[in-house]
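**Q** Sharing a structure with you now.
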Amino acid sequence: MKLIIVSGLSGSGKSVTLDTLEDAGFYCTDNLPVALLPDFVTLLADSDKTIFSKAAVGIDARSDQSSLAEFGTFIEQLKLNNVDYDVIFLRASKQSLLQRFSETRRKHPLSNDTTSLDEAIDLELDRLSLIASHASMQIDTTQTNVHQLRSIIRERVTPHKDNGVSFQIMSFGYKHGAPNDVDFVFDARCLPNPYWEPNLRPFTGKDTAVIDFLDDKELVQRYLDDTAQFLTRWAPEFINTNRNYLSIAIGCTGGQHRSVYLTEKLARHLAAQGLNIITRHRELG
């Protein structure tokens, strides 16, 4: 049985994630108290293996604190019973969450007459911190729309090839904020910038003119070679630790030229080694 536990901050996309998993064939249930998780897993394991071979459960901060404190014990039980599981934790910046609640005019589950929305968000993050610490996938949806989130979830739960690990390589622009849901971040702002070439400014790192420009820069090629060697050296170590997902982000100033170019080059380099590669260009939509 494959079990995915979905948790995170209210408004960060838990419902979208569960809906996407349901569309992918998972048996899904939401708002299950942590105290009921062991019985839930036992029930599914003893049920029809065809129907319940894949299950996903949503956990939120409305579970009582004593049962939330037992989440680590539950995870250890899953490991002892050799249950194939993942924990997805979704988050977003407080400003983004405040704006989303304002737009939808929905009430935060922890807000009341004495607890403001701002305070409820902080309280929720504190209550769910233990679950977040066990997450195998942390997804920041601050700059991710519903369609992009669905795509990310579909990519991450798609059955992997024999090597068992998928690598996401994402380009981004520092002026829009660095991602905090990745394992490695590489800063490419030290490299020659095509933006300052007027004839190259309208293009991106996927266009031939920019590719030719960066291909011709020795510093860029040294950076590319060093980064590729680092990832080639350490990728097998992550595979050996039973990780099934590794995320890598490459940033430049605007996320249009250098980071896009490097992401595409590294993706091809790692794919040639038989690794499962997912590419994403955050600022290109």
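Chains: A, B, ... in order of the structure tokens. Residues: from 1 per chain. Ligands: from 1, in order shown.
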Write out as a list of chain:residue names all residues of stretch 115-192 of chain A that backbone DSSP assigns to strand (DSSP E or B).

**A**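 DSSP on the backbone gives strand (DSSP E or B) at A:Met137, A:Gln138, A:Ile139, A:Asp140, A:Ser166, A:Phe167, A:Gln168, A:Ile169, A:Met170, A:Ser171, A:Phe172, A:Gly173, A:Phe184, A:Val185, A:Phe186, A:Asp187.
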
**Q** Would you put the residues from that selection into a file with N, CA and C atoms, as a PDB file, in the first residue's frame?

**A**
```pdb
ATOM      1  N   MET A 137       8.342  15.968   1.299  1.00  0.00           N
ATOM      2  CA  MET A 137       8.145  16.984   0.262  1.00  0.00           C
ATOM      3  C   MET A 137       7.551  18.226   0.915  1.00  0.00           C
ATOM      4  N   GLN A 138       8.252  19.340   0.846  1.00  0.00           N
ATOM      5  CA  GLN A 138       7.704  20.609   1.299  1.00  0.00           C
ATOM      6  C   GLN A 138       7.484  21.480   0.070  1.00  0.00           C
ATOM      7  N   ILE A 139       6.283  22.002  -0.067  1.00  0.00           N
ATOM      8  CA  ILE A 139       5.922  22.775  -1.250  1.00  0.00           C
ATOM      9  C   ILE A 139       5.466  24.156  -0.813  1.00  0.00           C
ATOM     10  N   ASP A 140       6.139  25.178  -1.304  1.00  0.00           N
ATOM     11  CA  ASP A 140       5.776  26.559  -1.017  1.00  0.00           C
ATOM     12  C   ASP A 140       4.913  27.064  -2.174  1.00  0.00           C
ATOM     13  N   SER A 166      13.237  10.952  -8.357  1.00  0.00           N
ATOM     14  CA  SER A 166      12.992  12.006  -9.338  1.00  0.00           C
ATOM     15  C   SER A 166      13.697  13.272  -8.888  1.00  0.00           C
ATOM     16  N   PHE A 167      14.279  13.982  -9.819  1.00  0.00           N
ATOM     17  CA  PHE A 167      14.960  15.237  -9.534  1.00  0.00           C
ATOM     18  C   PHE A 167      14.204  16.369 -10.211  1.00  0.00           C
ATOM     19  N   GLN A 168      13.777  17.348  -9.426  1.00  0.00           N
ATOM     20  CA  GLN A 168      13.220  18.559 -10.014  1.00  0.00           C
ATOM     21  C   GLN A 168      14.307  19.621 -10.057  1.00  0.00           C
ATOM     22  N   ILE A 169      14.516  20.190 -11.215  1.00  0.00           N
ATOM     23  CA  ILE A 169      15.446  21.309 -11.364  1.00  0.00           C
ATOM     24  C   ILE A 169      14.621  22.521 -11.768  1.00  0.00           C
ATOM     25  N   MET A 170      14.680  23.558 -10.952  1.00  0.00           N
ATOM     26  CA  MET A 170      13.822  24.719 -11.150  1.00  0.00           C
ATOM     27  C   MET A 170      14.658  25.992 -11.284  1.00  0.00           C
ATOM     28  N   SER A 171      14.315  26.811 -12.259  1.00  0.00           N
ATOM     29  CA  SER A 171      14.922  28.130 -12.367  1.00  0.00           C
ATOM     30  C   SER A 171      14.037  29.147 -11.660  1.00  0.00           C
ATOM     31  N   PHE A 172      14.645  30.188 -11.133  1.00  0.00           N
ATOM     32  CA  PHE A 172      13.870  31.235 -10.465  1.00  0.00           C
ATOM     33  C   PHE A 172      14.644  32.547 -10.495  1.00  0.00           C
ATOM     34  N   GLY A 173      13.954  33.641 -10.182  1.00  0.00           N
ATOM     35  CA  GLY A 173      14.569  34.955 -10.111  1.00  0.00           C
ATOM     36  C   GLY A 173      14.615  35.446  -8.676  1.00  0.00           C
ATOM     37  N   PHE A 184      18.586  22.006  -2.656  1.00  0.00           N
ATOM     38  CA  PHE A 184      19.811  22.723  -3.008  1.00  0.00           C
ATOM     39  C   PHE A 184      19.461  23.986  -3.783  1.00  0.00           C
ATOM     40  N   VAL A 185      20.175  25.061  -3.501  1.00  0.00           N
ATOM     41  CA  VAL A 185      20.008  26.313  -4.244  1.00  0.00           C
ATOM     42  C   VAL A 185      21.373  26.729  -4.787  1.00  0.00           C
ATOM     43  N   PHE A 186      21.440  26.993  -6.085  1.00  0.00           N
ATOM     44  CA  PHE A 186      22.662  27.482  -6.726  1.00  0.00           C
ATOM     45  C   PHE A 186      22.409  28.896  -7.244  1.00  0.00           C
ATOM     46  N   ASP A 187      23.336  29.796  -6.932  1.00  0.00           N
ATOM     47  CA  ASP A 187      23.200  31.207  -7.295  1.00  0.00           C
ATOM     48  C   ASP A 187      24.044  31.492  -8.533  1.00  0.00           C
TER      49      ASP A 187
END
```

**Q** Where in stretch 29-66 of chain A does DSSP assign alpha helix (DSSP H), given as a PyMOL selection string?

**A** chain A and resi 37-45+65-66

**Q** Please produce an output containing C-alpha atoms for each residue in the selection, written as a PDB file, in the first residue's frame.

**A**
```
ATOM      1  CA  LEU A  37      -4.209   7.185  11.683  1.00  0.00           C
ATOM      2  CA  PRO A  38      -2.994   3.756  12.935  1.00  0.00           C
ATOM      3  CA  ASP A  39      -6.498   2.272  12.699  1.00  0.00           C
ATOM      4  CA  PHE A  40      -6.989   3.902   9.295  1.00  0.00           C
ATOM      5  CA  VAL A  41      -3.806   2.312   7.925  1.00  0.00           C
ATOM      6  CA  THR A  42      -4.677  -1.073   9.433  1.00  0.00           C
ATOM      7  CA  LEU A  43      -8.167  -0.934   7.924  1.00  0.00           C
ATOM      8  CA  LEU A  44      -6.833  -0.120   4.456  1.00  0.00           C
ATOM      9  CA  ALA A  45      -4.102  -2.739   4.658  1.00  0.00           C
ATOM     10  CA  GLN A  65      -2.421  18.756  20.423  1.00  0.00           C
ATOM     11  CA  SER A  66      -1.817  15.522  22.325  1.00  0.00           C
TER      12      SER A  66
END
```

**Q** Name the residues in contact with A:Val57 at a cut-off of 8 Å, using only C-alpha atoms, excluding same-chain residues fewer than 6 positions from it; report them as number ranges by chain.

**A** A: 3-6, 18, 28-32

**Q** Using only C-alpha atoms for the distances, tell me which of A:Ile88, A:Val83, A:Ala56, A:Ala24 is nearest to A:Ser12.

**A**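 Among the listed residues, A:Ile88 lies closest to A:Ser12.
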
**Q** Select, from A:Leu80, A:Ile211, A:Leu219, A:Leu110, the residue with the minimum atom-to-atom distance to A:Thr263, counting only C-alpha atoms.

**A**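 The closest residue to A:Thr263 is A:Ile211.
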
**Q** As a PyMOL selection string, please: the residues near stretch 204-208 of chain A (cut-off 6 Å, only C-alpha atoms, same-chain neighbours under 4 positions excluded).

**A** chain A and resi 212+256-257+260-261

**Q** Report as number ranges by chain all protein, DNA and RNA residues lying within 8 Å of stretch 220-234 of chain A, evaluated on only C-alpha atoms, omitting residues in the same chain fewer than 6 positions from it.

**A** A: 191-192, 214, 262, 265-266, 269-270

**Q** Could you please take those selected residues and save C-alpha atoms as a PDB file, in the first residue's frame?

**A**
```pdb
ATOM      1  CA  LEU A 191      27.723  34.952 -14.402  1.00  0.00           C
ATOM      2  CA  PRO A 192      27.565  37.249 -17.468  1.00  0.00           C
ATOM      3  CA  LEU A 214      26.152  31.726 -22.767  1.00  0.00           C
ATOM      4  CA  LEU A 262      21.581  26.282 -16.667  1.00  0.00           C
ATOM      5  CA  LYS A 265      21.609  22.124 -19.579  1.00  0.00           C
ATOM      6  CA  LEU A 266      21.751  20.334 -16.221  1.00  0.00           C
ATOM      7  CA  HIS A 269      23.102  16.146 -18.405  1.00  0.00           C
ATOM      8  CA  LEU A 270      21.368  14.247 -15.583  1.00  0.00           C
TER       9      LEU A 270
END
```

**Q** Report as a PyMOL selection string all protein, DNA and RNA residues lying within 8 Å of A:Leu125, evaluated on only C-alpha atoms, omitting residues in the same chain fewer than 4 positions from it.

**A** chain A and resi 8-9+121+129

**Q** For each of A:Glu283, A:Glu237, A:Asp215, A:Glu124, take the minimum atom-to-atom distance to A:Asp60, counting only C-alpha atoms, then give the residue where this is smallest.

**A** A:Glu124
